[in-house]
Amino acid sequence: MLSKVEVNDLAAPFTIVGGLVEAPEVSGHFLGGNFVLHLDSDANQTPALSRIAMTFTDLQLAQLPHQPGRPLRGLAAAENTRSGRGDSLHALASAPKEP
């Protein structure tokens with residue numbers, strides 16, 4: 001359950017021009033590490049056609065919510081790119097992948 005995890009020092013510059021949303025570098029601190037997201041979305045379509053690229057570095061696994069008595073240790077890094085249709089990040093993540 002990541003709903004109880006904090007994001008700190010969030011910077012989210014973005015532009016919206018003619019229904020095109022661009023956020024070239026959303027950054028912040030998450031789980032003791034860092035993240036950078038790149039997002040562009042065409043909201044002129046229904047649902048919106050979006051692309052997001054995510055990079056997470058130096059995540060502290062011990063800060064992840066976990067079962068008592070089962071400690072997590074170590075660092076993690078992850079990178080993912082996703083494109084598809086959806087009017088929210090959740091909808092984009094759960095939509096079929098666009099070619």
# chains A, B, ... in the order shown; residues from 1 in each chain; ligands from 1
$ residues_around --residues "Leu10 in chain A" --least-positions-apart "5" --cutoff "10 Å" --atoms "only C-alpha atoms" --output "ChimeraX atom specification"
/A:26-30,35-36
$ closest_residue --among "A:Ala12, A:Ala48, A:Leu92, A:Leu59" --to "Ala78 in chain A" --atoms "only C-alpha atoms"
A:Leu59
$ residues_around --residues "Ser88 in chain A" --least-positions-apart "6" --cutoff "10 Å" --atoms "only C-alpha atoms" --output "ChimeraX atom specification"
/A:47-48,50,94
$ atom_distance --atom1 "CA of Gly33 in chain A" --atom2 "CA of Asp58 in chain A"
4.5 Å
$ residues_around --residues "Thr81 in chain A" --least-positions-apart "5" --cutoff "10 Å" --atoms "only C-alpha atoms" --output "CSV table (one decimal) with C-alpha atoms, in the first residue's frame"
chain,number,residue,atom,x,y,z
A,37,LEU,CA,9.1,11.6,-14.4
A,38,HIS,CA,8.7,12.9,-18.0
A,39,LEU,CA,5.1,13.2,-19.1
A,51,ARG,CA,3.4,8.9,-22.5
A,52,ILE,CA,5.2,8.7,-19.2
A,53,ALA,CA,8.8,7.8,-18.5
A,54,MET,CA,9.8,7.1,-14.9
A,55,THR,CA,13.2,6.7,-13.2
$ residues_around --residues "range 16-22 of chain A" --least-positions-apart "3" --cutoff "7 Å" --atoms "only C-alpha atoms" --output "ChimeraX atom specification"
/A:39-44
$ select_by_dssp --residues "chain A" --states "helix (DSSP H, G or I)" --output "list in words"
Leu2, Ser3, Lys4, Leu61, Ala62, Gln63, Leu89, His90, Ala91, Leu92, Ala93 and Ser94 of chain A
$ residues_around --residues "Leu31 in chain A" --least-positions-apart "6" --cutoff "9 Å" --atoms "only C-alpha atoms" --output "PyMOL selection string"
chain A and resi 5-7+58-64
$ atom_distance --atom1 "CA of Ala91 in chain A" --atom2 "CA of Ala77 in chain A"
23.9 Å
$ decode --residues "range 64-88 of chain A" --atoms "N, CA and C atoms" --output "JSON list (two decimals), in the first residue's frame"
[["chain", "number", "residue", "atom", "x", "y", "z"],
["A", 64, "LEU", "N", 9.49, 0.98, 2.55],
["A", 64, "LEU", "CA", 8.26, 0.46, 1.96],
["A", 64, "LEU", "C", 7.37, -0.11, 3.05],
["A", 65, "PRO", "N", 6.06, 0.12, 2.97],
["A", 65, "PRO", "CA", 5.17, -0.54, 3.91],
["A", 65, "PRO", "C", 5.32, -2.06, 3.76],
["A", 66, "HIS", "N", 5.47, -2.75, 4.87],
["A", 66, "HIS", "CA", 5.65, -4.20, 4.82],
["A", 66, "HIS", "C", 5.09, -4.82, 6.09],
["A", 67, "GLN", "N", 5.01, -6.14, 6.09],
["A", 67, "GLN", "CA", 4.45, -6.86, 7.22],
["A", 67, "GLN", "C", 5.41, -6.78, 8.41],
["A", 68, "PRO", "N", 4.87, -6.58, 9.62],
["A", 68, "PRO", "CA", 5.72, -6.58, 10.81],
["A", 68, "PRO", "C", 6.48, -7.90, 10.92],
["A", 69, "GLY", "N", 7.73, -7.82, 11.37],
["A", 69, "GLY", "CA", 8.53, -9.02, 11.55],
["A", 69, "GLY", "C", 9.20, -9.51, 10.28],
["A", 70, "ARG", "N", 8.94, -8.85, 9.17],
["A", 70, "ARG", "CA", 9.56, -9.24, 7.89],
["A", 70, "ARG", "C", 10.27, -8.02, 7.32],
["A", 71, "PRO", "N", 11.42, -7.67, 7.90],
["A", 71, "PRO", "CA", 12.11, -6.45, 7.48],
["A", 71, "PRO", "C", 12.61, -6.52, 6.03],
["A", 72, "LEU", "N", 12.59, -5.37, 5.41],
["A", 72, "LEU", "CA", 13.15, -5.23, 4.07],
["A", 72, "LEU", "C", 14.44, -4.42, 4.20],
["A", 73, "ARG", "N", 15.45, -4.77, 3.42],
["A", 73, "ARG", "CA", 16.72, -4.06, 3.47],
["A", 73, "ARG", "C", 17.24, -3.86, 2.06],
["A", 74, "GLY", "N", 18.04, -2.81, 1.89],
["A", 74, "GLY", "CA", 18.72, -2.60, 0.62],
["A", 74, "GLY", "C", 18.18, -1.41, -0.15],
["A", 75, "LEU", "N", 18.79, -1.21, -1.30],
["A", 75, "LEU", "CA", 18.42, -0.13, -2.21],
["A", 75, "LEU", "C", 17.82, -0.71, -3.48],
["A", 76, "ALA", "N", 17.01, 0.08, -4.13],
["A", 76, "ALA", "CA", 16.42, -0.37, -5.40],
["A", 76, "ALA", "C", 16.42, 0.80, -6.38],
["A", 77, "ALA", "N", 16.41, 0.45, -7.63],
["A", 77, "ALA", "CA", 16.29, 1.43, -8.71],
["A", 77, "ALA", "C", 15.34, 0.82, -9.74],
["A", 78, "ALA", "N", 14.62, 1.67, -10.44],
["A", 78, "ALA", "CA", 13.68, 1.17, -11.45],
["A", 78, "ALA", "C", 13.52, 2.21, -12.55],
["A", 79, "GLU", "N", 13.21, 1.71, -13.72],
["A", 79, "GLU", "CA", 12.96, 2.59, -14.86],
["A", 79, "GLU", "C", 11.83, 1.96, -15.68],
["A", 80, "ASN", "N", 10.90, 2.79, -16.12],
["A", 80, "ASN", "CA", 9.78, 2.27, -16.89],
["A", 80, "ASN", "C", 9.24, 3.36, -17.82],
["A", 81, "THR", "N", 8.80, 2.96, -18.98],
["A", 81, "THR", "CA", 8.15, 3.87, -19.92],
["A", 81, "THR", "C", 6.80, 3.26, -20.28],
["A", 82, "ARG", "N", 5.79, 4.10, -20.35],
["A", 82, "ARG", "CA", 4.45, 3.61, -20.63],
["A", 82, "ARG", "C", 3.75, 4.61, -21.53],
["A", 83, "SER", "N", 3.05, 4.12, -22.52],
["A", 83, "SER", "CA", 2.21, 4.99, -23.33],
["A", 83, "SER", "C", 0.87, 4.30, -23.51],
["A", 84, "GLY", "N", -0.16, 5.10, -23.60],
["A", 84, "GLY", "CA", -1.49, 4.54, -23.76],
["A", 84, "GLY", "C", -2.55, 5.61, -23.60],
["A", 85, "ARG", "N", -3.77, 5.16, -23.45],
["A", 85, "ARG", "CA", -4.89, 6.09, -23.31],
["A", 85, "ARG", "C", -5.47, 6.01, -21.90],
["A", 86, "GLY", "N", -5.83, 7.17, -21.38],
["A", 86, "GLY", "CA", -6.45, 7.24, -20.07],
["A", 86, "GLY", "C", -6.53, 8.68, -19.61],
["A", 87, "ASP", "N", -7.53, 9.00, -18.83],
["A", 87, "ASP", "CA", -7.70, 10.36, -18.34],
["A", 87, "ASP", "C", -7.15, 10.55, -16.93],
["A", 88, "SER", "N", -6.38, 9.58, -16.45],
["A", 88, "SER", "CA", -5.68, 9.69, -15.17],
["A", 88, "SER", "C", -4.45, 8.79, -15.24]]
